[in-house]
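Asks: I have a structure I would like to understand better, so I am pasting it below and will then ask my questions one at a time.
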Amino acid sequence: MIGSSAEVRAQSQSRAAVYGFLAWLFLKLPDVDFVARLLANDVQDSLQLFSSDSESASRMIDGLNGMRLSLVDGVPGTLEDMCLALAVEHTRFLRGVGRAYGPPPPYESLYRSSEAGEDNSFLLQLTEFYHHAQAAILSESAERVDYLGIELDLMRLLCDEESRATGRGDTIQAAHFSRLQQHFLHEHLLAWAPRYCESFISQTAAGFYRGVVQLVLGFLEAEAAMGDRHSDDSQVLKDSTGQVFEE
């Protein structure tokens, strides 16, 4: 059941904050300020949207604790030393330097290539969707459009837009951005990212980025559980690639 506009806006803002936090973990290297906050156990406020007794919330808290403990127990030295160690881990675990160096990197086309036949199919679909959603993040990043950090950041943008539209009382635009979120979430993120996360967790020993991936998996599970928040009688449009968009 959909709540008041204030409740919907607060939920959109909370979801945007979590998506932005997760995107940042993939796109940026943790800095001294972040490491200090993590060591102080000061980042769990980002997860206030979720009840503490849910399975997905427990997984997310476990992920945050794993990130923190990896620094407390595994990286001696100053905050600067910890940041340097995390930079090395970021390259090893998230950039796909080589099969012998780390796990396959988080690109949608890599985990769904057997469905599409070629990487370009997913890249074209994503580029068209980002254009349809007017996502400025495309021009601001050198990352491929199917990188997990970019896809998470797109969801942040869409949640932000829903929140802004709700705040100004524009229910049509708010519903539009809600539908875009649901389409992207189910047709893209949920179609491959949980598989990536589960594979990473099973292959990787305890460490900072194992905690990050566990955090992502828990959040995506919570998002999937929310279900569609729009009616089934929406108009359906198709772009030049045949990809479906709802209006």
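Following the order of the structure tokens, first chain is A, next is B, and so on, with residues numbered from 1 inside each chain and ligands from 1 in the order they appear.
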Report as a list in words all protein, DNA and RNA residues lying within 7 Å of Ser56 in chain A, evaluated on only C-alpha atoms, omitting residues in the same chain fewer than 5 positions from it.
Replies: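 So, after excluding close chain neighbours, the residues are Gly218, Phe219, Glu221 and Ala222 of chain A.
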Asks: Okay, now the selection with C-alpha atoms, as a PDB file, in the first residue's frame?
Replies:
```
ATOM      1  CA  GLY A 218      21.293  -7.691   0.775  1.00  0.00           C
ATOM      2  CA  PHE A 219      20.085  -4.373  -0.584  1.00  0.00           C
ATOM      3  CA  GLU A 221      17.196  -8.589  -2.131  1.00  0.00           C
ATOM      4  CA  ALA A 222      15.308  -5.905  -0.216  1.00  0.00           C
TER       5      ALA A 222
END
```
Asks: Please provide as a list in words all residues within 9 Å of His90 in chain A, with the sequence filter that same-chain residues fewer than 3 positions apart are discarded (counting only C-alpha atoms).
Replies: Phe26, Lys28, Leu29, Ala85, Leu86, Ala87, Phe93, Leu94, Arg95 and Tyr209 of chain A
Asks: For range 81-83 of chain A, find every residue with an atom within 10 Å (counting only C-alpha atoms), except residues of its own chain fewer than 4 positions away, and show them as a VMD selection string.
Replies: chain A and resid 29 to 36 71 to 72 74 to 77 87 to 89
Asks: Let's have the selection written as a PDB file, in the first residue's frame, with C-alpha atoms.
Replies:
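Below you can see result_19.pdb, which holds the result:
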```
ATOM      1  CA  LEU A  29      38.589   4.544  -3.730  1.00  0.00           C
ATOM      2  CA  PRO A  30      37.777   4.825  -0.012  1.00  0.00           C
ATOM      3  CA  ASP A  31      39.405   7.933   1.448  1.00  0.00           C
ATOM      4  CA  VAL A  32      40.736   8.677   4.918  1.00  0.00           C
ATOM      5  CA  ASP A  33      37.463  10.257   6.081  1.00  0.00           C
ATOM      6  CA  PHE A  34      35.420   7.229   5.018  1.00  0.00           C
ATOM      7  CA  VAL A  35      37.807   4.759   6.634  1.00  0.00           C
ATOM      8  CA  ALA A  36      37.707   6.744   9.878  1.00  0.00           C
ATOM      9  CA  LEU A  71      40.362  -3.103   8.499  1.00  0.00           C
ATOM     10  CA  VAL A  72      40.466  -3.662  12.246  1.00  0.00           C
ATOM     11  CA  GLY A  74      43.684  -7.270   8.636  1.00  0.00           C
ATOM     12  CA  VAL A  75      45.248  -3.899   7.763  1.00  0.00           C
ATOM     13  CA  PRO A  76      47.639  -2.600  10.452  1.00  0.00           C
ATOM     14  CA  GLY A  77      49.020   0.896  10.231  1.00  0.00           C
ATOM     15  CA  ALA A  87      43.191   0.757  -3.472  1.00  0.00           C
ATOM     16  CA  VAL A  88      45.091  -2.452  -4.237  1.00  0.00           C
ATOM     17  CA  GLU A  89      42.049  -4.558  -3.321  1.00  0.00           C
TER      18      GLU A  89
END
```
Asks: Env of Leu148 in chain A: 7 Å cut, atoms = only C-alpha atoms, seq-sep filter 2 positions within chain, self excluded. Answer as number ranges by chain.
Replies: A: 106-107, 146, 150-152
Asks: Between CA of Ser14 in chain A and CA of Phe208 in chain A, what is the distance, to one decimal in Å?
Replies: 23.5 Å
Asks: If I take CA of Leu215 in chain A and CA of Leu39 in chain A, how far is one from the other in Å, to one decimal?
Replies: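 Answer for the CA of Leu215 in chain A to CA of Leu39 in chain A separation: 16.6 Å.
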Asks: What's the 9 Å shell around Gln214 in chain A, counting only C-alpha atoms, without same-chain residues fewer than 6 positions away, as a list in words?
Replies: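 Returned residues: Arg59, Met60, Asp62, Gly63, Leu64, Gly66, Cys197, Glu198, Phe200 and Ile201 of chain A.
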Asks: Would you mind reading off the distance between CA of Thr171 in chain A and CA of Ser4 in chain A, one decimal, in Å?
Replies: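 Distance between the two atoms: 11.7 Å.
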Asks: Based on DSSP run over this structure's backbone, return all residues of range 93-209 of chain A in alpha helix (DSSP H), as a ChimeraX atom specification.
Replies: /A:93-94,108-116,119-132,137-140,148-167,171-184,190-203,208-209
Asks: Go ahead and save the picked residues with C-alpha atoms, as a PDB file, in the first residue's frame.
Replies:
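Written out: part_36.pdb:
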```
ATOM      1  CA  PHE A  93      38.566  -7.478  -6.988  1.00  0.00           C
ATOM      2  CA  LEU A  94      36.569  -4.953  -9.039  1.00  0.00           C
ATOM      3  CA  GLU A 108      26.373  -6.956 -16.940  1.00  0.00           C
ATOM      4  CA  SER A 109      27.353  -8.111 -20.407  1.00  0.00           C
ATOM      5  CA  LEU A 110      29.961 -10.455 -18.912  1.00  0.00           C
ATOM      6  CA  TYR A 111      27.393 -12.190 -16.723  1.00  0.00           C
ATOM      7  CA  ARG A 112      24.624 -12.247 -19.354  1.00  0.00           C
ATOM      8  CA  SER A 113      26.604 -12.713 -22.583  1.00  0.00           C
ATOM      9  CA  SER A 114      25.071 -16.133 -23.201  1.00  0.00           C
ATOM     10  CA  GLU A 115      21.619 -14.494 -23.285  1.00  0.00           C
ATOM     11  CA  ALA A 116      22.539 -11.760 -25.739  1.00  0.00           C
ATOM     12  CA  ASP A 119      28.297  -7.697 -25.390  1.00  0.00           C
ATOM     13  CA  ASN A 120      27.142  -4.949 -27.733  1.00  0.00           C
ATOM     14  CA  SER A 121      23.516  -6.008 -27.318  1.00  0.00           C
ATOM     15  CA  PHE A 122      23.449  -5.093 -23.643  1.00  0.00           C
ATOM     16  CA  LEU A 123      25.593  -2.014 -24.129  1.00  0.00           C
ATOM     17  CA  LEU A 124      23.168  -0.709 -26.766  1.00  0.00           C
ATOM     18  CA  GLN A 125      20.137  -1.455 -24.569  1.00  0.00           C
ATOM     19  CA  LEU A 126      21.709   0.320 -21.621  1.00  0.00           C
ATOM     20  CA  THR A 127      22.803   3.336 -23.645  1.00  0.00           C
ATOM     21  CA  GLU A 128      19.269   3.726 -25.019  1.00  0.00           C
ATOM     22  CA  PHE A 129      17.758   3.395 -21.558  1.00  0.00           C
ATOM     23  CA  TYR A 130      20.156   5.946 -20.044  1.00  0.00           C
ATOM     24  CA  HIS A 131      19.294   8.333 -22.862  1.00  0.00           C
ATOM     25  CA  HIS A 132      15.576   7.770 -22.275  1.00  0.00           C
ATOM     26  CA  ILE A 137      26.092  10.184 -15.408  1.00  0.00           C
ATOM     27  CA  LEU A 138      26.931   8.829 -18.860  1.00  0.00           C
ATOM     28  CA  SER A 139      28.835  11.962 -19.819  1.00  0.00           C
ATOM     29  CA  GLU A 140      30.471  12.297 -16.395  1.00  0.00           C
ATOM     30  CA  LEU A 148      27.769  -2.290 -11.639  1.00  0.00           C
ATOM     31  CA  GLY A 149      28.796   1.044 -10.122  1.00  0.00           C
ATOM     32  CA  ILE A 150      27.215   2.932 -13.018  1.00  0.00           C
ATOM     33  CA  GLU A 151      24.011   0.893 -12.876  1.00  0.00           C
ATOM     34  CA  LEU A 152      23.732   1.539  -9.134  1.00  0.00           C
ATOM     35  CA  ASP A 153      24.326   5.238  -9.740  1.00  0.00           C
ATOM     36  CA  LEU A 154      21.574   5.302 -12.346  1.00  0.00           C
ATOM     37  CA  MET A 155      19.164   3.954  -9.741  1.00  0.00           C
ATOM     38  CA  ARG A 156      20.320   6.704  -7.370  1.00  0.00           C
ATOM     39  CA  LEU A 157      19.518   9.285 -10.011  1.00  0.00           C
ATOM     40  CA  LEU A 158      16.065   7.812 -10.714  1.00  0.00           C
ATOM     41  CA  CYS A 159      15.223   7.680  -6.996  1.00  0.00           C
ATOM     42  CA  ASP A 160      16.375  11.282  -6.630  1.00  0.00           C
ATOM     43  CA  GLU A 161      14.172  12.361  -9.522  1.00  0.00           C
ATOM     44  CA  GLU A 162      11.171  10.546  -8.036  1.00  0.00           C
ATOM     45  CA  SER A 163      11.792  12.298  -4.721  1.00  0.00           C
ATOM     46  CA  ARG A 164      12.031  15.732  -6.360  1.00  0.00           C
ATOM     47  CA  ALA A 165       8.882  15.185  -8.384  1.00  0.00           C
ATOM     48  CA  THR A 166       6.988  14.014  -5.299  1.00  0.00           C
ATOM     49  CA  GLY A 167       8.210  17.029  -3.361  1.00  0.00           C
ATOM     50  CA  THR A 171       2.542  12.835  -9.360  1.00  0.00           C
ATOM     51  CA  ILE A 172       2.809  12.078 -13.092  1.00  0.00           C
ATOM     52  CA  GLN A 173       6.576  12.602 -13.175  1.00  0.00           C
ATOM     53  CA  ALA A 174       7.007  10.795  -9.860  1.00  0.00           C
ATOM     54  CA  ALA A 175       5.165   7.770 -11.256  1.00  0.00           C
ATOM     55  CA  HIS A 176       7.250   7.968 -14.440  1.00  0.00           C
ATOM     56  CA  PHE A 177      10.527   7.752 -12.522  1.00  0.00           C
ATOM     57  CA  SER A 178       9.139   5.009 -10.280  1.00  0.00           C
ATOM     58  CA  ARG A 179       8.306   2.928 -13.350  1.00  0.00           C
ATOM     59  CA  LEU A 180      11.750   3.543 -14.849  1.00  0.00           C
ATOM     60  CA  GLN A 181      13.284   2.265 -11.612  1.00  0.00           C
ATOM     61  CA  GLN A 182      11.194  -0.879 -11.636  1.00  0.00           C
ATOM     62  CA  HIS A 183      11.951  -1.592 -15.286  1.00  0.00           C
ATOM     63  CA  PHE A 184      15.693  -1.115 -14.854  1.00  0.00           C
ATOM     64  CA  LEU A 190      18.269  -8.118 -10.681  1.00  0.00           C
ATOM     65  CA  ALA A 191      18.882 -10.140 -13.847  1.00  0.00           C
ATOM     66  CA  TRP A 192      22.607 -10.416 -13.172  1.00  0.00           C
ATOM     67  CA  ALA A 193      23.975  -8.565 -10.120  1.00  0.00           C
ATOM     68  CA  PRO A 194      22.774 -11.096  -7.462  1.00  0.00           C
ATOM     69  CA  ARG A 195      24.452 -13.844  -9.497  1.00  0.00           C
ATOM     70  CA  TYR A 196      27.672 -11.829  -9.547  1.00  0.00           C
ATOM     71  CA  CYS A 197      27.428 -11.164  -5.804  1.00  0.00           C
ATOM     72  CA  GLU A 198      26.809 -14.793  -4.885  1.00  0.00           C
ATOM     73  CA  SER A 199      29.688 -15.948  -7.081  1.00  0.00           C
ATOM     74  CA  PHE A 200      32.028 -13.332  -5.586  1.00  0.00           C
ATOM     75  CA  ILE A 201      31.082 -14.248  -2.007  1.00  0.00           C
ATOM     76  CA  SER A 202      31.569 -17.965  -2.637  1.00  0.00           C
ATOM     77  CA  GLN A 203      34.999 -17.451  -4.227  1.00  0.00           C
ATOM     78  CA  PHE A 208      36.622  -5.444   2.694  1.00  0.00           C
ATOM     79  CA  TYR A 209      35.176  -5.955  -0.787  1.00  0.00           C
TER      80      TYR A 209
END
```
